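S.K.: File query28.txt follows (compact mmCIF, C-alpha atoms):
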```txt
# COMPACT_ATOMS: atom_id res chain seq x y z
CA MET A 914 0.00 0.00 0.00
CA ALA A 915 0.99 3.66 -0.21
CA ASN A 916 3.72 4.86 2.12
CA PHE A 917 2.36 8.04 3.67
CA SER A 918 5.18 8.70 6.13
CA LYS A 919 7.02 11.09 3.82
CA SER A 920 6.96 14.74 4.69
CA ASN A 921 6.08 16.67 1.57
CA VAL A 922 2.84 17.81 -0.07
CA PRO A 923 0.30 18.11 -1.90
CA GLN A 924 -1.71 20.59 0.15
CA PHE A 925 -5.51 20.65 0.14
CA SER A 926 -7.77 23.59 0.90
CA VAL A 927 -11.57 23.82 1.12
CA ASP A 928 -13.53 27.04 0.55
CA VAL A 929 -17.31 27.29 0.92
CA TYR A 930 -19.36 29.84 -1.04
CA GLN A 931 -22.98 30.32 0.01
CA ASN A 932 -25.70 32.69 1.12
CA GLU A 933 -26.33 31.38 4.62
CA PHE A 934 -29.35 33.63 5.21
CA LEU A 935 -32.83 32.04 5.15
CA PRO A 936 -36.26 33.66 5.55
CA GLU A 937 -38.55 32.54 8.34
CA GLY A 938 -39.64 29.00 7.48
CA GLY A 939 -36.82 28.59 4.95
CA ARG A 940 -35.22 25.16 4.89
CA GLU A 941 -33.07 24.64 1.75
CA VAL A 942 -29.38 25.47 2.16
CA ASN A 943 -26.95 25.45 -0.78
CA GLY A 944 -23.19 25.70 -0.77
CA ILE A 945 -20.50 25.51 -3.44
CA VAL A 946 -17.43 23.79 -2.04
CA THR A 947 -14.17 24.55 -3.88
CA VAL A 948 -11.45 21.98 -3.24
CA THR A 949 -7.92 22.88 -4.33
CA SER A 950 -4.89 20.60 -4.34
CA THR A 951 -1.56 22.26 -4.91
CA GLY A 952 2.14 21.76 -4.40
CA GLY A 953 3.13 18.34 -5.58
CA GLY A 954 6.56 18.73 -4.05
CA THR A 955 7.04 22.31 -5.25
CA THR A 956 6.04 24.31 -2.19
CA GLY A 957 8.57 23.03 0.27
CA GLY A 958 5.86 21.77 2.59
CA ILE A 959 4.50 25.24 3.45
CA PRO A 960 0.71 24.88 3.71
CA LEU A 961 -1.72 27.28 2.12
CA PRO A 962 -3.95 29.19 4.57
CA GLY A 963 -6.58 26.73 5.76
CA ALA A 964 -4.91 23.86 3.96
CA ALA A 965 -3.52 20.60 5.24
CA ALA A 966 -0.83 18.48 3.68
CA ALA A 967 -1.81 15.16 2.24
CA PRO A 968 0.67 12.42 2.95
CA GLY A 969 3.25 13.19 0.31
CA TYR A 970 6.67 12.48 -1.06
CA GLY A 971 10.16 13.67 -0.36
CA PRO A 972 12.20 15.91 -2.69
CA GLY A 973 12.76 14.28 -6.06
CA GLN A 974 10.27 11.53 -5.30
CA ALA A 975 6.98 10.85 -7.02
CA PRO A 976 4.07 8.61 -6.06
CA SER A 977 4.29 5.07 -7.38
CA ALA A 978 1.82 4.45 -10.17
CA ALA A 979 0.46 1.68 -12.38
CA VAL A 980 -1.31 2.18 -15.71
CA VAL A 981 -3.06 -0.28 -18.01
CA LEU A 982 -3.78 0.73 -21.61
CA MET A 983 -6.84 -1.05 -23.07
CA VAL A 984 -6.82 -0.96 -26.88
CA ASP A 985 -9.88 -1.97 -28.88
CA CYS A 986 -8.77 -4.63 -31.38
CA SER A 987 -12.24 -5.67 -32.60
CA GLY A 988 -12.85 -6.21 -36.29
CA SER A 989 -14.30 -2.73 -36.83
CA MET A 990 -10.92 -1.18 -36.00
CA ASP A 991 -9.89 -2.18 -39.54
CA TYR A 992 -12.51 0.12 -41.11
CA PRO A 993 -10.71 2.20 -42.22
CA PRO A 994 -7.31 0.52 -41.68
CA THR A 995 -5.85 3.85 -40.54
CA LYS A 996 -7.90 3.51 -37.33
CA MET A 997 -5.90 0.54 -36.04
CA ARG A 998 -2.64 2.14 -37.10
CA ASN A 999 -3.50 5.36 -35.30
CA ALA A 1000 -4.51 3.40 -32.20
CA ARG A 1001 -1.13 1.64 -32.17
CA ASP A 1002 0.70 4.95 -32.66
CA ALA A 1003 -1.33 6.65 -29.93
CA THR A 1004 -0.66 3.83 -27.45
CA ALA A 1005 3.05 4.02 -28.30
CA ALA A 1006 3.00 7.78 -27.65
CA ALA A 1007 1.34 7.18 -24.28
CA ILE A 1008 3.99 4.58 -23.40
CA ASP A 1009 6.71 7.11 -24.24
CA THR A 1010 5.06 9.48 -21.74
CA LEU A 1011 5.25 7.00 -18.85
CA ARG A 1012 7.44 8.12 -15.96
CA GLU A 1013 10.43 5.87 -15.34
CA GLY A 1014 9.54 3.23 -12.77
CA THR A 1015 5.81 3.30 -13.50
CA ARG A 1016 4.30 -0.17 -13.72
CA PHE A 1017 2.30 -0.72 -16.89
CA SER A 1018 0.60 -3.19 -19.19
CA VAL A 1019 -1.11 -3.23 -22.58
CA VAL A 1020 -4.40 -5.11 -22.97
CA ALA A 1021 -5.90 -5.97 -26.37
CA GLY A 1022 -9.68 -5.91 -26.14
CA THR A 1023 -12.08 -7.88 -28.31
CA HIS A 1024 -14.86 -10.23 -27.14
CA VAL A 1025 -12.13 -11.37 -24.74
CA ALA A 1026 -9.28 -9.48 -23.06
CA LYS A 1027 -5.66 -10.39 -23.66
CA ASP A 1028 -2.59 -9.15 -21.82
CA VAL A 1029 -0.32 -8.53 -24.80
CA TYR A 1030 2.51 -6.85 -22.88
CA PRO A 1031 4.30 -7.95 -20.83
CA GLY A 1032 2.05 -10.99 -21.31
CA ASN A 1033 2.78 -12.81 -18.07
CA GLY A 1034 -0.21 -11.65 -16.05
CA GLN A 1035 1.91 -9.03 -14.31
CA LEU A 1036 2.97 -5.43 -14.93
CA ALA A 1037 6.22 -4.27 -16.52
CA VAL A 1038 8.33 -1.52 -14.96
CA ALA A 1039 8.80 1.40 -17.34
CA ASP A 1040 12.32 2.02 -18.58
CA ALA A 1041 13.90 2.39 -22.02
CA ARG A 1042 14.03 -1.38 -22.54
CA THR A 1043 10.46 -2.22 -21.51
CA LYS A 1044 9.01 0.74 -23.41
CA ALA A 1045 10.74 -0.48 -26.58
CA GLN A 1046 9.46 -4.01 -25.99
CA ALA A 1047 5.91 -2.76 -25.45
CA LYS A 1048 5.98 -0.75 -28.68
CA GLU A 1049 7.25 -3.81 -30.52
CA ALA A 1050 4.30 -5.80 -29.11
CA LEU A 1051 1.94 -3.07 -30.33
CA ARG A 1052 3.15 -3.49 -33.91
CA LYS A 1053 1.80 -7.04 -33.85
CA LEU A 1054 -1.74 -6.01 -32.88
CA SER A 1055 -4.35 -6.68 -35.54
CA ALA A 1056 -8.10 -6.21 -35.70
CA GLY A 1057 -10.56 -9.09 -35.42
CA GLY A 1058 -13.34 -10.27 -33.14
CA GLY A 1059 -16.08 -8.60 -31.14
CA THR A 1060 -16.41 -6.14 -28.27
CA ALA A 1061 -16.92 -7.05 -24.59
CA ILE A 1062 -15.61 -4.12 -22.56
CA GLY A 1063 -16.47 -5.66 -19.20
CA THR A 1064 -13.84 -8.34 -19.78
CA TRP A 1065 -11.22 -5.67 -20.54
CA LEU A 1066 -12.00 -3.87 -17.28
CA ARG A 1067 -11.90 -7.04 -15.19
CA LEU A 1068 -8.47 -8.01 -16.56
CA THR A 1069 -7.25 -4.46 -15.91
CA ASP A 1070 -8.53 -4.70 -12.35
CA ARG A 1071 -6.63 -7.97 -11.79
CA LEU A 1072 -3.41 -6.51 -13.17
CA LEU A 1073 -3.65 -3.25 -11.21
CA GLY A 1074 -4.88 -4.94 -8.05
CA ALA A 1075 -1.69 -6.98 -7.80
CA ALA A 1076 0.49 -3.85 -7.86
CA ASP A 1077 1.72 -2.29 -4.60
CA VAL A 1078 1.38 1.32 -5.78
CA ASP A 1079 -0.20 4.62 -4.78
CA ILE A 1080 -2.01 5.46 -8.05
CA ARG A 1081 -3.90 2.95 -10.24
CA HIS A 1082 -5.16 4.16 -13.59
CA GLY A 1083 -6.67 2.78 -16.78
CA ILE A 1084 -6.95 4.25 -20.28
CA LEU A 1085 -9.59 2.70 -22.53
CA LEU A 1086 -10.07 3.18 -26.27
CA THR A 1087 -13.05 1.80 -28.20
CA ASP A 1088 -14.52 2.40 -31.63
CA GLY A 1089 -17.72 0.37 -31.40
CA ARG A 1090 -20.69 -0.64 -29.34
CA ASN A 1091 -20.39 -3.19 -26.56
CA GLU A 1092 -22.28 -5.85 -28.54
CA HIS A 1093 -20.73 -9.08 -27.29
CA GLU A 1094 -21.80 -9.00 -23.65
CA ALA A 1095 -25.06 -8.06 -21.94
CA PRO A 1096 -25.42 -4.51 -20.57
CA GLU A 1097 -25.71 -5.97 -17.07
CA ASP A 1098 -22.31 -7.66 -17.52
CA LEU A 1099 -20.66 -4.30 -18.21
CA ARG A 1100 -22.55 -2.77 -15.29
CA ALA A 1101 -21.38 -5.56 -12.98
CA ALA A 1102 -17.78 -5.08 -14.14
CA LEU A 1103 -18.00 -1.34 -13.45
CA ASP A 1104 -19.48 -1.96 -10.00
CA SER A 1105 -16.66 -4.41 -9.28
CA CYS A 1106 -13.94 -1.99 -10.45
CA ALA A 1107 -15.35 1.20 -8.88
CA GLY A 1108 -13.04 2.56 -6.21
CA ARG A 1109 -10.20 0.24 -7.25
CA PHE A 1110 -8.81 2.31 -10.12
CA THR A 1111 -9.67 5.40 -12.14
CA CYS A 1112 -10.19 5.19 -15.89
CA ASP A 1113 -10.25 7.62 -18.81
CA ALA A 1114 -12.37 6.43 -21.75
CA ARG A 1115 -12.19 7.54 -25.37
CA GLY A 1116 -14.41 6.79 -28.34
CA VAL A 1117 -12.72 6.97 -31.74
CA GLY A 1118 -14.71 7.57 -34.92
CA THR A 1119 -18.52 7.71 -34.75
CA ASP A 1120 -19.71 4.08 -34.46
CA TRP A 1121 -19.59 3.83 -30.65
CA GLU A 1122 -22.28 4.53 -28.08
CA VAL A 1123 -21.79 7.79 -26.17
CA LYS A 1124 -23.68 6.68 -23.07
CA GLU A 1125 -21.54 3.51 -22.80
CA VAL A 1126 -18.26 5.42 -22.91
CA THR A 1127 -19.40 8.20 -20.58
CA SER A 1128 -20.81 5.65 -18.11
CA ILE A 1129 -17.40 3.96 -17.90
CA ALA A 1130 -15.64 7.24 -17.14
CA SER A 1131 -18.37 8.25 -14.69
CA ALA A 1132 -18.30 5.00 -12.73
CA LEU A 1133 -14.49 5.00 -12.57
CA LEU A 1134 -14.09 8.74 -11.88
CA GLY A 1135 -12.19 9.46 -15.09
CA THR A 1136 -12.71 11.58 -18.19
CA ALA A 1137 -14.62 10.76 -21.36
CA ASP A 1138 -14.19 12.29 -24.80
CA ILE A 1139 -14.57 11.71 -28.51
CA VAL A 1140 -11.70 11.56 -30.98
CA ALA A 1141 -13.71 11.79 -34.19
CA ASP A 1142 -10.61 11.79 -36.39
CA PRO A 1143 -8.26 8.90 -35.53
CA ALA A 1144 -5.32 11.14 -36.50
CA GLY A 1145 -5.92 13.03 -33.24
CA LEU A 1146 -5.44 9.97 -31.03
CA ALA A 1147 -1.69 10.35 -30.36
CA ALA A 1148 -2.02 13.89 -29.01
CA ASP A 1149 -5.02 12.91 -26.89
CA PHE A 1150 -3.33 9.80 -25.46
CA THR A 1151 -0.18 11.77 -24.66
CA GLN A 1152 -2.24 14.37 -22.78
CA MET A 1153 -4.16 11.67 -20.88
CA MET A 1154 -0.94 9.97 -19.81
CA GLU A 1155 0.63 13.27 -18.75
CA ASN A 1156 -2.43 13.91 -16.58
CA ALA A 1157 -2.23 10.41 -15.11
CA MET A 1158 1.47 10.90 -14.32
CA GLY A 1159 0.55 14.16 -12.57
CA LYS A 1160 -1.68 12.48 -9.99
CA GLU A 1161 -0.18 12.57 -6.52
CA VAL A 1162 -2.73 11.08 -4.14
CA ALA A 1163 -5.59 8.61 -4.63
CA ASP A 1164 -8.76 7.52 -2.81
CA VAL A 1165 -9.64 11.02 -1.57
CA ALA A 1166 -13.22 11.30 -0.34
CA LEU A 1167 -15.54 14.21 0.38
CA ARG A 1168 -17.04 13.54 3.82
CA LEU A 1169 -20.32 15.25 4.67
CA TRP A 1170 -21.40 15.42 8.31
CA THR A 1171 -24.88 16.70 9.12
CA PRO A 1172 -26.64 17.33 12.45
CA VAL A 1173 -29.78 15.52 13.56
CA GLY A 1174 -32.79 16.60 11.50
CA VAL A 1175 -30.84 17.64 8.39
CA GLU A 1176 -31.66 15.85 5.13
CA ILE A 1177 -29.15 15.67 2.26
CA LEU A 1178 -30.83 16.50 -1.05
CA PHE A 1179 -27.78 16.07 -3.28
CA VAL A 1180 -24.00 16.20 -3.59
CA LYS A 1181 -22.67 16.94 -7.09
CA GLN A 1182 -19.33 17.70 -8.63
CA VAL A 1183 -20.03 20.76 -10.79
CA ALA A 1184 -16.56 21.65 -12.14
CA PRO A 1185 -14.71 20.77 -14.29
CA THR A 1186 -17.63 18.47 -15.20
CA VAL A 1187 -21.05 17.73 -13.75
CA GLU A 1188 -21.11 14.41 -11.90
CA ASP A 1189 -23.88 13.47 -9.45
CA LEU A 1190 -22.28 11.76 -6.45
CA THR A 1191 -25.42 11.53 -4.30
CA GLY A 1192 -25.98 7.81 -4.86
CA ARG A 1193 -22.33 6.91 -4.24
CA ARG A 1194 -22.38 7.71 -0.54
CA THR A 1195 -20.86 5.19 1.85
CA GLU A 1196 -21.80 5.64 5.48
CA ALA A 1197 -19.14 6.86 7.93
CA PRO A 1198 -20.94 6.90 11.30
CA PRO A 1199 -21.85 8.85 13.27
CA ARG A 1200 -23.99 11.05 10.98
CA ALA A 1201 -21.50 11.26 8.12
CA GLY A 1202 -21.06 9.81 4.66
CA ASP A 1203 -18.19 9.68 2.18
CA TYR A 1204 -18.45 10.59 -1.52
CA PRO A 1205 -15.59 9.38 -3.77
CA THR A 1206 -13.49 11.91 -5.70
CA GLY A 1207 -10.71 9.66 -7.03
CA SER A 1208 -7.12 10.77 -7.66
CA TRP A 1209 -5.74 14.29 -7.40
CA GLY A 1210 -2.82 16.21 -8.84
CA ASP A 1211 -2.41 19.98 -8.90
CA GLU A 1212 -6.02 20.98 -9.62
CA SER A 1213 -9.21 22.53 -8.33
CA ARG A 1214 -12.75 21.15 -8.42
CA ASP A 1215 -16.12 22.52 -7.31
CA TYR A 1216 -18.91 20.60 -5.56
CA HIS A 1217 -22.54 21.63 -4.94
CA VAL A 1218 -23.96 20.50 -1.60
CA CYS A 1219 -27.70 20.97 -0.97
CA VAL A 1220 -29.34 20.09 2.36
CA LEU A 1221 -32.74 20.54 4.00
CA VAL A 1222 -32.60 21.89 7.56
CA PRO A 1223 -35.36 21.98 10.21
CA GLU A 1224 -37.41 25.17 10.40
CA ALA A 1225 -36.20 27.73 12.93
CA GLY A 1226 -37.12 31.21 14.14
CA ILE A 1227 -35.69 34.59 13.19
CA GLY A 1228 -32.25 35.17 14.72
CA GLN A 1229 -31.41 31.50 15.10
CA GLU A 1230 -28.44 29.91 13.34
CA MET A 1231 -27.05 26.42 12.95
CA LEU A 1232 -24.29 24.41 11.34
CA ALA A 1233 -26.08 22.83 8.39
CA ALA A 1234 -23.19 20.60 7.30
CA ARG A 1235 -19.46 20.10 7.75
CA VAL A 1236 -17.53 19.20 4.61
CA SER A 1237 -14.18 17.46 5.08
CA LEU A 1238 -11.68 16.10 2.62
CA ILE A 1239 -10.38 12.82 3.96
CA LEU A 1240 -7.85 10.15 3.10
CA PRO A 1241 -8.29 6.63 4.45
CA ASP A 1242 -5.56 5.11 6.58
CA PRO A 1243 -3.68 2.85 4.11
CA SER A 1244 -3.51 0.06 6.67
CA GLY A 1245 -7.26 0.15 7.13
CA ALA A 1246 -6.78 0.03 10.88
CA GLY A 1247 -6.58 3.69 11.88
CA ALA A 1248 -8.73 6.79 11.53
CA PRO A 1249 -8.71 8.61 8.18
CA GLN A 1250 -6.64 11.76 7.85
CA VAL A 1251 -8.59 15.02 7.52
CA LEU A 1252 -6.89 17.03 4.78
CA SER A 1253 -9.07 20.15 5.08
CA GLN A 1254 -12.63 21.12 5.91
CA GLY A 1255 -15.27 23.83 5.56
CA LEU A 1256 -18.62 24.67 7.11
CA VAL A 1257 -22.07 25.21 5.57
CA ARG A 1258 -24.22 27.44 7.80
CA ALA A 1259 -27.85 28.49 8.08
CA VAL A 1260 -28.97 31.79 9.64
CA TRP A 1261 -32.63 32.84 9.78
CA THR A 1262 -33.30 36.54 9.20
CA ASP A 1263 -36.18 38.92 8.55
CA ASP A 1264 -33.95 40.93 6.19
CA MET A 1265 -35.63 40.16 2.86
CA VAL A 1266 -32.69 41.45 0.81
CA ALA A 1267 -30.26 39.14 2.61
CA SER A 1268 -32.51 36.07 2.54
CA THR A 1269 -33.54 36.35 -1.13
CA SER A 1270 -30.06 37.01 -2.51
CA ILE A 1271 -28.70 34.06 -4.52
CA ASN A 1272 -24.99 33.39 -4.14
CA PRO A 1273 -23.29 33.89 -7.55
CA GLN A 1274 -21.45 30.56 -7.38
CA VAL A 1275 -24.63 28.66 -6.50
CA ALA A 1276 -26.57 30.39 -9.28
CA HIS A 1277 -23.83 29.75 -11.84
CA TYR A 1278 -23.45 26.04 -11.15
CA THR A 1279 -27.19 25.48 -10.88
CA GLY A 1280 -27.30 26.82 -14.44
CA GLN A 1281 -24.38 24.66 -15.55
CA ALA A 1282 -26.05 21.51 -14.18
CA GLU A 1283 -29.26 22.45 -16.00
CA LEU A 1284 -27.23 23.08 -19.17
CA ALA A 1285 -25.85 19.53 -19.13
CA GLN A 1286 -29.33 18.13 -18.49
CA VAL A 1287 -31.17 20.03 -21.25
CA ILE A 1288 -28.51 19.13 -23.84
CA GLN A 1289 -29.03 15.44 -23.09
CA GLN A 1290 -32.81 15.85 -23.13
CA GLY A 1291 -32.69 17.83 -26.36
CA LEU A 1292 -30.51 15.32 -28.18
CA ASP A 1293 -32.65 12.41 -26.94
CA ALA A 1294 -35.78 14.22 -28.18
CA ARG A 1295 -34.14 14.86 -31.57
CA LYS A 1296 -33.23 11.18 -31.94
CA SER A 1297 -36.79 10.11 -31.10
CA GLY A 1298 -38.31 12.51 -33.65
CA ASP A 1299 -39.72 15.00 -31.11
CA PHE A 1300 -38.43 18.05 -32.95
CA ASP A 1301 -40.50 20.60 -30.99
CA GLY A 1302 -39.19 19.21 -27.72
CA ALA A 1303 -35.64 19.14 -29.09
CA THR A 1304 -35.91 22.76 -30.23
CA ALA A 1305 -37.15 23.89 -26.82
CA LYS A 1306 -34.48 22.03 -24.84
CA LEU A 1307 -31.57 22.93 -27.10
CA GLY A 1308 -32.81 26.54 -27.20
CA ARG A 1309 -32.67 26.63 -23.42
CA ALA A 1310 -29.16 25.15 -23.63
CA VAL A 1311 -28.04 27.94 -25.97
CA GLN A 1312 -29.50 30.51 -23.58
CA LEU A 1313 -27.70 29.00 -20.55
CA ALA A 1314 -24.38 28.60 -22.39
CA SER A 1315 -24.52 32.21 -23.54
CA ALA A 1316 -25.46 33.61 -20.12
CA SER A 1317 -22.71 31.68 -18.30
CA GLY A 1318 -19.95 32.33 -20.82
CA ASN A 1319 -19.56 28.65 -21.66
CA GLN A 1320 -18.19 29.38 -25.13
CA ASP A 1321 -16.98 25.85 -25.87
CA THR A 1322 -20.46 24.40 -25.35
CA ALA A 1323 -22.01 27.30 -27.28
CA LYS A 1324 -19.80 26.46 -30.28
CA LEU A 1325 -20.79 22.79 -30.13
CA LEU A 1326 -24.48 23.73 -29.93
CA SER A 1327 -24.13 25.98 -32.99
CA LYS A 1328 -23.26 22.90 -35.06
CA VAL A 1329 -26.59 21.28 -34.15
CA VAL A 1330 -28.92 24.31 -34.18
CA ASP A 1331 -29.07 27.65 -35.98
CA VAL A 1332 -29.05 30.32 -33.29
CA VAL A 1333 -31.54 33.12 -33.95
CA ASP A 1334 -31.22 34.84 -30.55
CA ALA A 1335 -28.91 33.38 -27.89
CA ALA A 1336 -30.21 35.62 -25.11
CA THR A 1337 -33.77 34.32 -25.45
CA GLY A 1338 -32.78 30.82 -26.57
CA THR A 1339 -34.50 31.13 -29.93
CA VAL A 1340 -33.09 28.46 -32.27
CA ARG A 1341 -33.94 26.30 -35.28
CA LEU A 1342 -32.83 22.69 -35.61
CA LYS A 1343 -30.37 22.21 -38.45
CA ALA A 1344 -31.74 20.00 -41.21
CA LYS A 1345 -28.46 18.08 -41.49
CA VAL A 1346 -26.04 17.49 -38.62
CA ALA A 1347 -22.75 15.64 -38.91
CA GLU A 1348 -22.79 12.58 -36.66
CA ALA A 1349 -19.42 13.56 -35.19
CA ASP A 1350 -20.78 17.00 -34.21
CA GLU A 1351 -23.83 15.52 -32.46
CA MET A 1352 -21.70 12.94 -30.63
CA THR A 1353 -19.16 15.57 -29.58
CA LEU A 1354 -21.91 17.74 -28.10
CA GLU A 1355 -23.36 14.75 -26.21
CA THR A 1356 -19.99 13.54 -24.95
CA ARG A 1357 -18.88 16.98 -23.76
CA SER A 1358 -22.25 18.15 -22.47
CA THR A 1359 -21.20 17.82 -18.82
CA LYS A 1360 -18.11 20.03 -19.16
CA THR A 1361 -18.55 23.29 -17.27
CA VAL A 1362 -16.83 26.65 -16.95
CA ARG A 1363 -15.74 28.06 -13.61
CA VAL A 1364 -17.74 30.91 -12.15
CA LYS A 1365 -16.24 34.33 -12.74
CA LYS A 1366 -15.01 35.50 -9.34
```
As structure tokens, what does this structure read like?

M.R.:
Amino acid sequence: MANFSKSNVPQFSVDVYQNEFLPEGGREVNGIVTVTSTGGGTTGGIPLPGAAAAPGYGPGQAPSAAVVLMVDCSGSMDYPPTKMRNARDATAAAIDTLREGTRFSVVAGTHVAKDVYPGNGQLAVADARTKAQAKEALRKLSAGGGTAIGTWLRLTDRLLGAADVDIRHGILLTDGRNEHEAPEDLRAALDSCAGRFTCDARGVGTDWEVKEVTSIASALLGTADIVADPAGLAADFTQMMENAMGKEVADVALRLWTPVGVEILFVKQVAPTVEDLTGRRTEAPPRAGDYPTGSWGDESRDYHVCVLVPEAGIGQEMLAARVSLILPDPSGAGAPQVLSQGLVRAVWTDDMVASTSINPQVAHYTGQAELAQVIQQGLDARKSGDFDGATAKLGRAVQLASASGNQDTAKLLSKVVDVVDAATGTVRLKAKVAEADEMTLETRSTKTVRVKK
């Protein structure tokens, strides 16, 4: 397991943004929790204000890591033949990006999963020799067979699970639908792998199912994206591997403690993407629950916490929730380490201006969550032939993207609808939409922009 006795960073800080004032009888309390991890051995162990150091690594040291690259080798990867070639080149580029000493493996995925390098059911240790051997093994990959992604994930789990490392990560590439196993088999594999490793998933071309790829990334706390042109795979794989090599601490959880009488309505990650964590709670008695956040490098993420408090009279106040960032004891025997924490408060007032003011962060991310939802609803309506419903939902999406300054999403929407008036959300559905454009919008619909401070 991870050795957390070393003295360096990263440092974590928690900031809570909210309007704590409620009118008489008011019960719903919202807070945006910004979690920032910084340092990674560069700050000399000096904590930020309000921050605590995660168990870290000494000067010149990096966390131990293991990565498995899952490459789709099903028959469709030969159509066109450049797809398989680009997949091999991209995987080779990712291997070149591996930090020396990182444990790694390459899995060829069809209707079965095969460990093609190092091929002995174990992981290789990255150095010049093993990287060259892995790239030689890649050259022998050919397309043929079906697609059963659950088997790829289970083999990856076995390989990573045997490694005594701090960070476990998977990278998965597919170009087709998961047609050679039942949906419940993939779901069972994801349930089995959740919390054991993180995984980035990529769909190449336009013959794969967006909801399958995004569900893999969602369940395994990774990223999902489309690479419509296979020529873009190498750059994307290199960036993914650089991000994986930048992770410094794993298994971080957001712990939410609430007093008696407080009901949790939801807990969502809202930046850099929208991810509902409410159903992933594991109890941490007394009166607390943990929500998984996965692995962290130098980065910042925002979470929206919404709770229902008991009614109280004017002038009363209470702690509505305590949000802590925690790291389990690697031995499993001791108490988890609290990396940082923040408080969500409720204060009842008869000042109407104070109690009706909406915090800018809460308003912004409520809009971003709605934006992700109406894009999905609009695209689903379009596919089902409900063009009026699609126009209304995608029009609302254009309005929200414009108001929040989410220019990337606005550009993607403009390839699916003709925008008449962004401010009012007046749009017309385009008669013809490139499949890649529609899939890109769906895949990236949950990406958000940070609130302007």

S.K.: Pick out the residues sitting within 12 Å of Thr1004 (chain A), and hand them over as a ChimeraX atom specification; count all atoms listed in the file, and ignore anything fewer than 6 positions along from it in its own chain.

M.R.: /A:980-985,997-998,1010-1011,1017-1021,1044,1047-1052,1054,1084-1086,1146-1154

S.K.: Calculate how many Å separate CA of Val948 (chain A) from CA of Leu1167 (chain A), rounding to one decimal.

M.R.: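 Going from CA of Val948 (chain A) over to CA of Leu1167 (chain A), I get 9.5 Å.
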
S.K.: Tell me which of A:Asp1009, A:Asp1142, A:Glu1196, A:Glu1212 sits closest to Thr947 (chain A), counting all atoms listed in the file.

M.R.: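 The closest residue to Thr947 (chain A) is A:Glu1212.
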
S.K.: List as an MDAnalysis selection string the protein and nucleic acid residues near Gly944 (chain A), meaning an atom at most 12 Å away when all atoms listed in the file are counted, but skip any in the same chain fewer than 2 places from it.

M.R.: chainID A and resid 927:934 941:942 946:947 1178:1183 1215:1221 1233:1236 1255:1259 1271:1279

S.K.: Which of these, A:Leu1325, A:Ala1144, A:Ala1037, A:Val1187, has the shortest distance to Asp1002 (chain A) once you count all atoms listed in the file?

M.R.: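 Checking each of A:Leu1325, A:Ala1144, A:Ala1037, A:Val1187 against Asp1002 (chain A), counting all atoms listed in the file, the winner is A:Ala1144.
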
S.K.: Give as a short mmCIF file (atom, residue, chain, number, x, y, z; two decimals) with C-alpha atoms, in the frame of the given file each residue that has an atom at most 7 Å from (-3.2, 22.9, -5.4) in the file, counting only C-alpha atoms.

M.R.:
```
data_model
loop_
_atom_site.label_atom_id
_atom_site.label_comp_id
_atom_site.auth_asym_id
_atom_site.auth_seq_id
_atom_site.Cartn_x
_atom_site.Cartn_y
_atom_site.Cartn_z
CA PRO A 923 0.30 18.11 -1.90
CA GLN A 924 -1.71 20.59 0.15
CA PHE A 925 -5.51 20.65 0.14
CA THR A 949 -7.92 22.88 -4.33
CA SER A 950 -4.89 20.60 -4.34
CA THR A 951 -1.56 22.26 -4.91
CA GLY A 952 2.14 21.76 -4.40
CA ASP A 1211 -2.41 19.98 -8.90
CA GLU A 1212 -6.02 20.98 -9.62
CA SER A 1213 -9.21 22.53 -8.33
#
```

S.K.: Rank nothing, just name the residue among A:Ser1358, A:Ile1227, A:Gly1022, A:Ala1344 nearest to Met1265 (chain A), using only C-alpha atoms.

M.R.: A:Ile1227

S.K.: Taking only residues of region 928-1046 of chain A that have an atom at most 12 Å from an atom of region 1120-1127 of chain A, what is each one's shortest atom pair and its distance in Å to one decimal, using only C-alpha atoms, in chain and number order, as CSV?

M.R.:
```
residue,atom,partner,partner_atom,distance
A:Asp985,CA,A:Trp1121,CA,11.4
A:Ser989,CA,A:Asp1120,CA,9.0
A:Met990,CA,A:Asp1120,CA,10.4
A:Tyr992,CA,A:Asp1120,CA,10.6
```

S.K.: So, with only C-alpha atoms as the atoms that count, which of A:Val1175, A:Ile1080, A:Leu1252, A:Val1364 lies closest to Ser1208 (chain A)?

M.R.: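 Once distances to Ser1208 (chain A) are computed over only C-alpha atoms, the minimum belongs to A:Ile1080.
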
S.K.: What is the CA of Ala1197 (chain A) to CA of Leu1099 (chain A) distance in Å?

M.R.: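 It comes out at 28.5 Å.
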
S.K.: Between A:Ile1008, A:Val1329, A:Leu1313, A:Leu1072, which has the minimum distance to Gly1291 (chain A) (counting all atoms listed in the file)?

M.R.: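 Closest to Gly1291 (chain A), using all atoms listed in the file: A:Val1329.
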
S.K.: Could you tell me how far CA of Asp1113 (chain A) lies from CA of Ala1137 (chain A), in Å and to one decimal?

M.R.: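 We find that CA of Asp1113 (chain A) and CA of Ala1137 (chain A) lie 6.0 Å from each other.
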
S.K.: How would you write as a PyMOL selection string the residues that get within 8 Å of (0.6, -2.6, -7.3) in the file's frame, counting all atoms listed in the file?

M.R.: chain A and resi 914+978-979+1016+1073-1079+1081

S.K.: Which residues come within 7 Å of region 1240-1242 of chain A, counting all atoms listed in the file, excluding same-chain residues fewer than 3 positions away, as a count of residues only?

M.R.: 10

S.K.: Calculated over only C-alpha atoms, which of the candidates A:Val1362, A:Ala1041, A:Val1333, A:Ala1347 has the smallest distance to Thr1119 (chain A)?

M.R.: A:Ala1347
